[in-house]
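Down below is the structure, laid out as structure tokens.
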Amino acid sequence: MLKFDSIRHYHDVEVNAVLQSIANHPMMKALMGFTFPDTPESEWMERLKDVHTIQDFQEQFIYYSVRKVLEKSSEGLTTSGFDKLDKDTSYLYISNHRDIILDTSLLNVALKDHDLIMTSSAVGDNLVQKSFLLALSKLNRNFLVKRGLAPRDLLVSSKLMSEYIYYLLDKENRSVWIAQREGRTKDGNDATHQGVLKMLGMASDEPELMDYFKKIKIVPVSISYEYDPTDALKMPQLLAKAKDEAYIKDKNEDFVNLLSGIMGQKKRIHIHVGDVLDAELEEVKNHSCNNNKQIQAVAQIIDESILRTYKLWPTNFIAYDIMFETNRFESRYTQKEKQLFERRLELRVDKGNRIIVDGFLAMYANPVVNKLKFIDV
């Protein structure tokens with residue numbers, strides 16, 4: 001549809017030509033060399049010539065790239081909740097956001113492994129300024145979220161994105177992934193921005209917003225990394241926030257974060273998909289007829305699902321105990337694990353700067369703090 005050309009991912013008829021146009025790009029060669037280290041360049045280039053759909057590209061190439069990232073930079077991915085989803089149904093996955101590329105890439109690996117519909121995924125246009133990255137993202141079914149717009153333009157852009165998401169879900173039976181907030185969580189506090197839900201509701205064709213939300217089948221997703229490979233890179237922004245200063249990104253900061261997130265060590269990773277929101281939305285509808293209050297309630301429902309099911313690691317419990325000067329969770333980690341965490345803290349941040357140290361600890365400790373609001377961990 002021409003209407004969505006400014007934000008959509010590639011159509012299958014475009015895929016082969018785009019692949020041929022980037023096959024000789026140094027970054028493509030590096031990606032394929034990393035993914036298939038024992039395969040001659042001429043062989044994967046020949047295989048690319050036979051790829052004519054996004055699904056073929058993802059299943060024959062990118063799936064193995066992500067698997068190689070897991071092999072090289074983690075101790076593995078575990079999942080839960082996927083078995084209750086229907087193989088022929090499209091869902092709107094709303095997830096907490098920790099890593100620029102991997103959050104959605106790992107979800108899609110899990111969806112493929114469970115024979116479920118893979119997603120079209122939202123990506124900020126600020127992250128794909130380089131032409132190669134833009135092409136690669138659109139080849140992986142990413143659609144663009146326009147950033148830095150004036151209020152009036154933002155309204156138009158949000159409505160277009162809302163309509164595209166509904167088009168994907170309803171007309172193409174394509175699942176969609178979107179983060180619960182703009183930008184990654186920097187402080188470990190996962191919270192759904194109401195603006196995201198308001199955007200989703202702009203395409204509603206139902207008299208009742210909650211009926212529309214039921215129709216698009218919202219599934220909360222929690223993803224947790226034992227170690228955040230970009231933890232130290234997030235500190236300058238947290239420091240600026242603590243000082244109530246405006247934070248201005250360096251020119252290549254997003255790209256550095258992107259690469260660090262992919263290749264930095266993460267140890268263990270877990271993804272949990274929650275239940276499809278349905279009865280909860282009916283209850284929201286019955287309790288309030290005010291759209292703003294309904295959206296606030298839905299945000300809280302998504303937050304509770306994500307925080308309750310967030311997998312806590314030894315790093316989270318260690319940070320909590322250090323931050324609050326307690327030994328409450330000492331049974332949840334070994335002394336060796338604590339020493340490794342303390343060593344990481346020592347190497348990655350200025351221990352003389354209390355604000356940065358507290359920010360680093362809070363990033364890991366806050367998931368424990370938040371989970372304790374709902375259940376005893």
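Chains: A, B, ... in order of the structure tokens. Residues: from 1 per chain. Ligands: from 1, in order shown.
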
**OP:** Write out as a list in words each polymer residue whose atoms come within 6 Å of segment 92-95 of chain A, counting only C-alpha atoms; drop sequence neighbours fewer than 3 positions from it.
**Re:** Ser175, Val176, Trp177, Ile178, Ala179, Gln180, Lys217, Ile218, Val219, Pro220, Val221 and Ser222 of chain A

Would you write out those residues with N, CA and C atoms, as a PDB file, in the first residue's frame?
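The result, stored in selection.pdb:
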ATOM      1  N   SER A 175       2.259 -10.857  13.079  1.00  0.00           N
ATOM      2  CA  SER A 175       2.463 -10.367  14.443  1.00  0.00           C
ATOM      3  C   SER A 175       3.332  -9.116  14.417  1.00  0.00           C
ATOM      4  N   VAL A 176       3.216  -8.310  15.468  1.00  0.00           N
ATOM      5  CA  VAL A 176       3.963  -7.052  15.563  1.00  0.00           C
ATOM      6  C   VAL A 176       4.617  -6.968  16.933  1.00  0.00           C
ATOM      7  N   TRP A 177       5.854  -6.465  16.955  1.00  0.00           N
ATOM      8  CA  TRP A 177       6.540  -6.180  18.215  1.00  0.00           C
ATOM      9  C   TRP A 177       6.708  -4.674  18.347  1.00  0.00           C
ATOM     10  N   ILE A 178       6.426  -4.171  19.540  1.00  0.00           N
ATOM     11  CA  ILE A 178       6.686  -2.762  19.837  1.00  0.00           C
ATOM     12  C   ILE A 178       7.130  -2.654  21.288  1.00  0.00           C
ATOM     13  N   ALA A 179       8.067  -1.757  21.552  1.00  0.00           N
ATOM     14  CA  ALA A 179       8.534  -1.557  22.922  1.00  0.00           C
ATOM     15  C   ALA A 179       7.475  -0.816  23.721  1.00  0.00           C
ATOM     16  N   GLN A 180       7.474  -1.039  25.025  1.00  0.00           N
ATOM     17  CA  GLN A 180       6.495  -0.404  25.905  1.00  0.00           C
ATOM     18  C   GLN A 180       6.762   1.084  26.080  1.00  0.00           C
ATOM     19  N   LYS A 217      -5.157  -8.328  20.144  1.00  0.00           N
ATOM     20  CA  LYS A 217      -4.508  -9.412  20.906  1.00  0.00           C
ATOM     21  C   LYS A 217      -3.145  -8.990  21.466  1.00  0.00           C
ATOM     22  N   ILE A 218      -3.188  -8.145  22.490  1.00  0.00           N
ATOM     23  CA  ILE A 218      -1.975  -7.640  23.133  1.00  0.00           C
ATOM     24  C   ILE A 218      -1.379  -8.720  24.044  1.00  0.00           C
ATOM     25  N   VAL A 219      -0.084  -8.976  23.856  1.00  0.00           N
ATOM     26  CA  VAL A 219       0.638  -9.944  24.684  1.00  0.00           C
ATOM     27  C   VAL A 219       1.836  -9.241  25.324  1.00  0.00           C
ATOM     28  N   PRO A 220       1.842  -9.058  26.652  1.00  0.00           N
ATOM     29  CA  PRO A 220       3.018  -8.472  27.313  1.00  0.00           C
ATOM     30  C   PRO A 220       4.190  -9.450  27.270  1.00  0.00           C
ATOM     31  N   VAL A 221       5.404  -8.911  27.071  1.00  0.00           N
ATOM     32  CA  VAL A 221       6.606  -9.729  26.994  1.00  0.00           C
ATOM     33  C   VAL A 221       7.664  -9.156  27.932  1.00  0.00           C
ATOM     34  N   SER A 222       8.305 -10.040  28.702  1.00  0.00           N
ATOM     35  CA  SER A 222       9.434  -9.599  29.524  1.00  0.00           C
ATOM     36  C   SER A 222      10.700 -10.284  29.036  1.00  0.00           C
TER      37      SER A 222
END

Original post:
Excluding same-chain residues fewer than 6 positions from segment 329-342 of chain A, what lies within 9 Å of it counting only C-alpha atoms, as an MDAnalysis selection string?
Top reply: chainID A and resid 313:315 317:321

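The gap separating atom CA of Asp99 of chain A from atom CA of Phe82 of chain A is 20.8 Å, in Å to one decimal.
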
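Of the listed residues A:Lys198, A:Lys311, A:Arg268, A:Arg67, the one whose atoms come nearest to Asn291 of chain A is A:Lys198, with distances taken using only C-alpha atoms.
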
Subject >> All strand (DSSP E) positions in segment 29-177 of chain A, as a VMD selection string >> reply: chain A and resid 74 to 80 92 to 95 119 to 124 142 to 145 175 to 177

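The nearest approach to Arg354 of chain A among the residues A:Met323, A:Ile375, A:Ser21, A:Tyr310, with only C-alpha atoms taken into account, belongs to A:Met323.
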